[in-house]
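Q: I have a structure I would like to understand better, so I am pasting it below and will then ask my questions one at a time.
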Amino acid sequence: MLDDFPPRTDTSADPVAARTRGLRKVYGKTVAVDHVDLDVPVGAVLGMLGPNGSGKTTTIRMLLGLVTPTAGSVELLGHLMPGGANWALPEVGALVEGPGFHPFLSGRENLFRCAAAEPRMVTSDIPRAVNDALERVGLASAAGRRYRGYSLGMKQRLGLAAALLLPRRLVVLDEPTNGLDPAGTREVRAVIADLHAAGTTVLVSSHLLAEVEATCTHVAVMHRGSLVAQGELRELLEAGNAGLLVSTPDVPVAVDALRDNRMPARATPDGVHVDLTTTTAPEVVATLVRSGVAVHEVRRQRTGLEDLFARLTEAENTTARLSDVAEPQPSTEDPT
Ligand SMILES: Nc1ncnc2c1ncn2[C@@H]1O[C@H](COP(=O)(O)OP(=O)(O)OP(=O)(O)O)[C@@H](O)[C@H]1O
């Protein structure tokens with residue numbers, strides 16, 4: 001029987017929980033996602049960052065088989081989608097917009113329905129799984145209230161609870177802190193940390209840069225449908241680290257000496273800032289020493305993720321490919 005042969009793909013040296021290649025989605029004249037090659041390494045907490053409309057939700061929905069790609073491939077937990085959905089999806093917990101809860105049922109009743117629909121759930125385990133999930137997201141006291149009376153934050157918590165009903169290999173959270181107060185945001189952060197500690201791979205989209213910097217091990221930055229950067233958070237921060245701060249009592253002399261050698265330098269309250277885009281730290285130090293400048297300290301400036309994000313999303317060359325993208329049009333494709 002065909003069902004006995006899930007469409008698996010080769011596992012490469014670097015195991016990934018999810019992988020897309022050449023992923024593209026076009027709605028009418030709008031290119032929502034274009035040529036996205038995303039890798040979500042096993043065990044990572046990958047933060048997908050991007051401004052509104054950059055294609056995060058569409059990418060996530062394609063990963064989960066909720067939206068059919070116009071082109072490209074998706075691999076989820078080693079299975080090619082959408083054919084492998086029956087094998088991959090039971091091991092994926094997802095919080096995506098519009099999880100389809102019943103408005104007239106309570107939060108707890110809704111979760112019971114979700115639990116009963118889980119192929120891997122043992123019926124006798126359902127009450128405990130539901131209670132644990134409600135506790136974990138801080139919704140136990142409101143669990144008896146009807147869903148339609150829930151605030152946005154409570155709806156988000158219930159969606160998160162549904163994703164946590166079972167241990168998962170991959171948890172996908174689309175803007176999980178949307179609508180949450182600071183306490184709720186902290187709780188989501190703690191849930192992500194717990195999942196990570198338990199070895200679960202987490203893919204989380206967010207526009208909150210500080211949030212991603214605090215919770216994620218990896219980052220993927222989207223801009224106008226394209227993936228403009230991805231990798232380990234630490235490495236991306238270092239790659240974005242294009243500045244050197246030189247402490248010296250001879251700031252004007254140092255600035256002149258560097259500029260004479262075509263090195264972009266400027267005086268700052270902390271010393272001399274040198275842009276390392278066109279030069280290197282050893283060259284800067286050698287030039288200063290040659291010019292008789294006393295160098296007290298040289299420090300690489302760590303750019304915050306916010307700076308990196310701004311630089312990546314503002315870079316003109318990253319947008320060229322999509323320059324002909326029109327304003328969003330009503331979909332001519334099936335929006336499912
Ligand atoms: N069903 C649809 N029909 C038409 N256009 C769509 C549809 N879904 C998304 N789009 C368009 O695709 C682009 C990407 O949208 P998407 O929701 O994926 O971005 P996003 O990064 O998740 O944004 P946000 O942070 O605002 O949720 C946008 O221009 C959006 O208007």
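Ordering of the structure tokens sets the chain letters (A, B, ...); residue numbers start at 1 within each chain; ligands are numbered from 1 in the order shown.
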Taking a cut-off of 12 Å and counting only C-alpha atoms, can you build a table that, for each residue of range 157-264 of chain A near range 18-22 of chain A, reports the nearest atom pair and how far apart they are in Å (one decimal), sorted by chain then residue number, as JSON lines?
A:
```
{"residue": "A:Arg169", "atom": "CA", "partner": "A:Ala18", "partner_atom": "CA", "distance": 10.7}
{"residue": "A:Leu170", "atom": "CA", "partner": "A:Ala18", "partner_atom": "CA", "distance": 8.6}
{"residue": "A:Val171", "atom": "CA", "partner": "A:Ala18", "partner_atom": "CA", "distance": 10.9}
{"residue": "A:Val172", "atom": "CA", "partner": "A:Ala18", "partner_atom": "CA", "distance": 10.4}
{"residue": "A:Thr201", "atom": "CA", "partner": "A:Ala18", "partner_atom": "CA", "distance": 9.4}
{"residue": "A:Val202", "atom": "CA", "partner": "A:Ala18", "partner_atom": "CA", "distance": 10.3}
{"residue": "A:Leu203", "atom": "CA", "partner": "A:Ala18", "partner_atom": "CA", "distance": 9.2}
{"residue": "A:Gly225", "atom": "CA", "partner": "A:Gly22", "partner_atom": "CA", "distance": 11.8}
{"residue": "A:Ser226", "atom": "CA", "partner": "A:Gly22", "partner_atom": "CA", "distance": 10.3}
{"residue": "A:Leu227", "atom": "CA", "partner": "A:Gly22", "partner_atom": "CA", "distance": 10.7}
```
Q: Could you take the residues named above and write them with C-alpha atoms, as a PDB file, in the first residue's frame?
A:
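This is the output file result-v2.pdb:
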```pdb
ATOM      1  CA  ARG A 169       9.955  17.232  17.316  1.00  0.00           C
ATOM      2  CA  LEU A 170       9.180  20.644  15.846  1.00  0.00           C
ATOM      3  CA  VAL A 171       7.085  23.510  17.190  1.00  0.00           C
ATOM      4  CA  VAL A 172       6.165  26.341  14.809  1.00  0.00           C
ATOM      5  CA  THR A 201      13.297  22.388  17.347  1.00  0.00           C
ATOM      6  CA  VAL A 202      11.393  25.672  17.400  1.00  0.00           C
ATOM      7  CA  LEU A 203      10.579  27.978  14.493  1.00  0.00           C
ATOM      8  CA  GLY A 225       9.411  37.861   0.141  1.00  0.00           C
ATOM      9  CA  SER A 226      13.118  37.033   0.038  1.00  0.00           C
ATOM     10  CA  LEU A 227      15.345  35.487   2.648  1.00  0.00           C
TER      11      LEU A 227
END
```
Q: If you run DSSP on this backbone, which residues of range 26-96 of chain A come out as helix (DSSP H, G or I), and could you give them as an MDAnalysis selection string?
A: chainID A and resid 56:63 85:91
Q: Find the residues around range 48-62 of chain A up to 7 Å (only C-alpha atoms counted), leave out those fewer than 4 positions away in its own chain, and share them as a PyMOL selection string.
A: chain A and resi 32-33+66-69+174+204-207+219-225
Q: Looking at A:Phe309, A:Phe112, A:Trp87, A:Tyr27, which one is nearest to ligand 1, with distances taken over only C-alpha atoms and all ligand atoms?
A: A:Tyr27
Q: Give me, please, the distance in Å between CA of Pro127 in chain A and CA of Ala162 in chain A, quoted to one decimal.
A: 13.0 Å
Q: A:Asn178, A:Thr217, A:Ser151, A:Thr200: which is nearest ligand 1, counting only C-alpha atoms and all ligand atoms?
A: A:Asn178
Q: Looking at only C-alpha atoms and all ligand atoms, which of A:Glu283, A:Glu75, A:Glu91, A:Glu97 is the one that sits closest to ligand 1?
A: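 Among A:Glu283, A:Glu75, A:Glu91, A:Glu97, it is A:Glu97 that comes nearest to ligand 1.
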Q: For Met263 in chain A, find every residue with an atom within 8 Å (counting only C-alpha atoms), except residues of its own chain fewer than 5 positions away, and show them as JSON, numbers by chain.
A: {"A": [258, 274, 275, 278, 279, 284]}
Q: Which residue out of A:Val96, A:Pro15, A:Glu109, A:Ala71 has the minimum interatomic distance to ligand 1 when only C-alpha atoms and all ligand atoms are used?
A: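 Closest candidate: A:Val96.
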Q: Report, in Å with one decimal, the straight-line distance from CA of Ala44 in chain A to CA of Leu236 in chain A.
A: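 Calculated distance between CA of Ala44 in chain A and CA of Leu236 in chain A is 14.7 Å.
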Q: Per DSSP on the backbone, what are the strand (DSSP E) residues of range 26-221 of chain A, as a PyMOL selection string?
A: chain A and resi 26-27+30-36+39-41+45-49+71-76+79-81+92-95+170-174+201-206+218-221
Q: Generate a file of the selected residues that holds N, CA and C atoms, formatted as a compact mmCIF listing (two decimals), in the first residue's frame.
A:
```txt
# COMPACT_ATOMS: atom_id res chain seq x y z
N VAL A 26 2.95 33.13 -5.32
CA VAL A 26 2.45 34.32 -6.02
C VAL A 26 0.95 34.39 -5.82
N TYR A 27 0.49 35.56 -5.36
CA TYR A 27 -0.94 35.84 -5.28
C TYR A 27 -1.24 36.93 -6.30
N THR A 30 1.13 39.79 -6.77
CA THR A 30 1.98 39.91 -5.58
C THR A 30 2.84 38.67 -5.41
N VAL A 31 4.15 38.90 -5.40
CA VAL A 31 5.07 37.81 -5.09
C VAL A 31 5.24 37.82 -3.57
N ALA A 32 4.51 36.95 -2.88
CA ALA A 32 4.54 36.94 -1.42
C ALA A 32 5.84 36.34 -0.89
N VAL A 33 6.32 35.30 -1.59
CA VAL A 33 7.56 34.60 -1.19
C VAL A 33 8.31 34.24 -2.46
N ASP A 34 9.62 34.48 -2.46
CA ASP A 34 10.37 34.27 -3.69
C ASP A 34 11.72 33.60 -3.42
N HIS A 35 11.96 32.46 -4.06
CA HIS A 35 13.26 31.78 -3.99
C HIS A 35 13.78 31.61 -2.57
N VAL A 36 12.95 31.15 -1.68
CA VAL A 36 13.38 31.02 -0.29
C VAL A 36 13.99 29.64 -0.07
N ASP A 39 16.74 26.77 5.95
CA ASP A 39 17.12 25.58 6.70
C ASP A 39 16.85 25.81 8.17
N VAL A 40 16.09 24.92 8.79
CA VAL A 40 15.85 25.01 10.23
C VAL A 40 16.58 23.84 10.87
N PRO A 41 17.79 24.09 11.44
CA PRO A 41 18.58 22.99 11.98
C PRO A 41 17.89 22.30 13.16
N VAL A 45 16.47 27.06 17.93
CA VAL A 45 15.31 27.95 18.06
C VAL A 45 15.55 29.02 17.00
N LEU A 46 14.85 28.88 15.89
CA LEU A 46 15.11 29.79 14.77
C LEU A 46 14.06 30.89 14.74
N GLY A 47 14.52 32.11 14.84
CA GLY A 47 13.62 33.26 14.79
C GLY A 47 13.51 33.77 13.38
N MET A 48 12.29 33.78 12.84
CA MET A 48 12.09 34.34 11.50
C MET A 48 11.64 35.78 11.66
N LEU A 49 12.52 36.67 11.24
CA LEU A 49 12.28 38.10 11.42
C LEU A 49 11.92 38.75 10.10
N ALA A 71 5.90 27.42 -6.54
CA ALA A 71 7.07 26.66 -7.00
C ALA A 71 7.93 26.34 -5.80
N GLY A 72 8.82 25.37 -6.00
CA GLY A 72 9.77 25.04 -4.93
C GLY A 72 9.32 23.84 -4.12
N SER A 73 10.21 23.46 -3.18
CA SER A 73 9.93 22.26 -2.38
C SER A 73 10.03 22.54 -0.89
N VAL A 74 9.30 21.73 -0.13
CA VAL A 74 9.31 21.82 1.33
C VAL A 74 9.57 20.43 1.88
N GLU A 75 10.52 20.37 2.82
CA GLU A 75 10.80 19.11 3.51
C GLU A 75 10.57 19.35 4.99
N LEU A 76 9.73 18.51 5.58
CA LEU A 76 9.39 18.68 6.99
C LEU A 76 9.72 17.40 7.73
N HIS A 79 10.38 14.52 5.54
CA HIS A 79 9.35 14.11 4.58
C HIS A 79 9.06 15.25 3.60
N LEU A 80 8.98 14.90 2.34
CA LEU A 80 8.62 15.91 1.34
C LEU A 80 7.13 16.23 1.48
N MET A 81 6.85 17.52 1.54
CA MET A 81 5.45 17.96 1.64
C MET A 81 4.93 18.29 0.23
N VAL A 92 4.55 17.74 14.66
CA VAL A 92 4.74 19.19 14.60
C VAL A 92 3.61 19.87 15.38
N GLY A 93 3.98 20.70 16.33
CA GLY A 93 2.98 21.52 17.01
C GLY A 93 3.02 22.90 16.38
N ALA A 94 1.85 23.46 16.07
CA ALA A 94 1.87 24.74 15.36
C ALA A 94 0.88 25.72 15.96
N LEU A 95 1.34 26.95 16.09
CA LEU A 95 0.45 28.06 16.43
C LEU A 95 0.46 28.99 15.23
N LEU A 170 9.08 19.27 16.35
CA LEU A 170 9.18 20.64 15.85
C LEU A 170 7.95 21.42 16.31
N VAL A 171 8.19 22.62 16.83
CA VAL A 171 7.08 23.51 17.19
C VAL A 171 7.23 24.79 16.37
N VAL A 172 6.16 25.16 15.68
CA VAL A 172 6.17 26.34 14.81
C VAL A 172 5.20 27.37 15.39
N LEU A 173 5.72 28.54 15.70
CA LEU A 173 4.90 29.57 16.35
C LEU A 173 4.94 30.84 15.51
N ASP A 174 3.77 31.21 14.96
CA ASP A 174 3.71 32.43 14.14
C ASP A 174 3.30 33.59 15.04
N THR A 201 12.96 21.30 18.27
CA THR A 201 13.30 22.39 17.35
C THR A 201 12.13 23.37 17.34
N VAL A 202 12.44 24.66 17.37
CA VAL A 202 11.39 25.67 17.40
C VAL A 202 11.63 26.65 16.26
N LEU A 203 10.55 26.91 15.51
CA LEU A 203 10.58 27.98 14.49
C LEU A 203 9.57 29.02 14.94
N VAL A 204 10.05 30.24 15.17
CA VAL A 204 9.17 31.27 15.71
C VAL A 204 9.31 32.53 14.88
N SER A 205 8.17 33.06 14.42
CA SER A 205 8.26 34.31 13.67
C SER A 205 7.96 35.46 14.61
N SER A 206 8.60 36.57 14.37
CA SER A 206 8.42 37.71 15.25
C SER A 206 8.89 38.98 14.56
N HIS A 218 19.18 30.78 16.25
CA HIS A 218 19.36 31.03 14.82
C HIS A 218 18.36 32.09 14.36
N VAL A 219 18.69 32.74 13.27
CA VAL A 219 17.82 33.78 12.74
C VAL A 219 17.69 33.63 11.23
N ALA A 220 16.50 33.89 10.72
CA ALA A 220 16.29 34.03 9.27
C ALA A 220 15.58 35.35 9.07
N VAL A 221 16.16 36.20 8.24
CA VAL A 221 15.58 37.54 8.04
C VAL A 221 14.92 37.59 6.67
```
Q: Given only C-alpha atoms as the basis, pick out the residue of A:Arg266, A:Arg299, A:His102, A:Arg168 nearest to Tyr150 in chain A.
A: A:His102
Q: Using Å and a single decimal, report how far atom 5 (N, counted along the ligand's line) of ligand 1 sits from CA of Leu209 in chain A.
A: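 Interatomic distance here is 24.8 Å.
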Q: Neighbouring residues of Ala161 in chain A were defined as those with any atom within 9 Å, considering only C-alpha atoms; residues of the same chain fewer than 2 positions away were excluded. Please report them as a list in words.
A: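 Listing them by chain and then by number gives Leu95, Leu111, Val130, Asp132, Ala133, Leu134, Glu135, Arg136, Val137, Leu139, Gln156, Arg157, Leu158, Gly159, Ala163, Leu164 and Leu165 of chain A.
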Q: Take the residues that were just selected and, keeping N, CA and C atoms, output them as a PDB file, in the first residue's frame.
A:
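Generated file (again10.pdb):
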```pdb
ATOM      1  N   LEU A  95       1.345  26.953  16.089  1.00  0.00           N
ATOM      2  CA  LEU A  95       0.452  28.060  16.429  1.00  0.00           C
ATOM      3  C   LEU A  95       0.463  28.994  15.229  1.00  0.00           C
ATOM      4  N   LEU A 111      -9.684  22.404  23.639  1.00  0.00           N
ATOM      5  CA  LEU A 111      -8.434  21.631  23.710  1.00  0.00           C
ATOM      6  C   LEU A 111      -8.716  20.129  23.705  1.00  0.00           C
ATOM      7  N   VAL A 130      -4.411  17.897  28.468  1.00  0.00           N
ATOM      8  CA  VAL A 130      -5.113  19.178  28.360  1.00  0.00           C
ATOM      9  C   VAL A 130      -4.787  20.053  29.574  1.00  0.00           C
ATOM     10  N   ASP A 132      -2.198  19.897  31.606  1.00  0.00           N
ATOM     11  CA  ASP A 132      -0.785  20.309  31.588  1.00  0.00           C
ATOM     12  C   ASP A 132      -0.582  21.476  30.629  1.00  0.00           C
ATOM     13  N   ALA A 133      -1.197  21.357  29.444  1.00  0.00           N
ATOM     14  CA  ALA A 133      -1.005  22.400  28.429  1.00  0.00           C
ATOM     15  C   ALA A 133      -1.616  23.726  28.904  1.00  0.00           C
ATOM     16  N   LEU A 134      -2.789  23.646  29.534  1.00  0.00           N
ATOM     17  CA  LEU A 134      -3.429  24.874  30.038  1.00  0.00           C
ATOM     18  C   LEU A 134      -2.570  25.542  31.114  1.00  0.00           C
ATOM     19  N   GLU A 135      -2.022  24.709  32.001  1.00  0.00           N
ATOM     20  CA  GLU A 135      -1.143  25.239  33.054  1.00  0.00           C
ATOM     21  C   GLU A 135       0.079  25.915  32.441  1.00  0.00           C
ATOM     22  N   ARG A 136       0.636  25.241  31.444  1.00  0.00           N
ATOM     23  CA  ARG A 136       1.900  25.696  30.856  1.00  0.00           C
ATOM     24  C   ARG A 136       1.770  27.072  30.224  1.00  0.00           C
ATOM     25  N   VAL A 137       0.574  27.387  29.704  1.00  0.00           N
ATOM     26  CA  VAL A 137       0.406  28.678  29.031  1.00  0.00           C
ATOM     27  C   VAL A 137      -0.331  29.678  29.924  1.00  0.00           C
ATOM     28  N   LEU A 139      -3.367  29.454  31.358  1.00  0.00           N
ATOM     29  CA  LEU A 139      -4.773  29.652  31.000  1.00  0.00           C
ATOM     30  C   LEU A 139      -5.707  28.798  31.870  1.00  0.00           C
ATOM     31  N   GLN A 156      -4.294  33.502  21.849  1.00  0.00           N
ATOM     32  CA  GLN A 156      -2.919  33.102  21.531  1.00  0.00           C
ATOM     33  C   GLN A 156      -2.459  31.996  22.477  1.00  0.00           C
ATOM     34  N   ARG A 157      -2.776  32.177  23.760  1.00  0.00           N
ATOM     35  CA  ARG A 157      -2.364  31.160  24.747  1.00  0.00           C
ATOM     36  C   ARG A 157      -3.010  29.809  24.451  1.00  0.00           C
ATOM     37  N   LEU A 158      -4.287  29.843  24.059  1.00  0.00           N
ATOM     38  CA  LEU A 158      -4.967  28.583  23.766  1.00  0.00           C
ATOM     39  C   LEU A 158      -4.338  27.912  22.532  1.00  0.00           C
ATOM     40  N   GLY A 159      -4.005  28.720  21.539  1.00  0.00           N
ATOM     41  CA  GLY A 159      -3.339  28.178  20.345  1.00  0.00           C
ATOM     42  C   GLY A 159      -2.006  27.542  20.713  1.00  0.00           C
ATOM     43  N   ALA A 163      -0.615  23.515  20.599  1.00  0.00           N
ATOM     44  CA  ALA A 163       0.658  23.083  20.016  1.00  0.00           C
ATOM     45  C   ALA A 163       1.467  22.239  21.004  1.00  0.00           C
ATOM     46  N   LEU A 164       1.160  22.394  22.306  1.00  0.00           N
ATOM     47  CA  LEU A 164       1.969  21.742  23.343  1.00  0.00           C
ATOM     48  C   LEU A 164       1.300  20.493  23.922  1.00  0.00           C
ATOM     49  N   LEU A 165       0.202  20.042  23.317  1.00  0.00           N
ATOM     50  CA  LEU A 165      -0.533  18.911  23.875  1.00  0.00           C
ATOM     51  C   LEU A 165       0.305  17.642  23.949  1.00  0.00           C
TER      52      LEU A 165
END
```
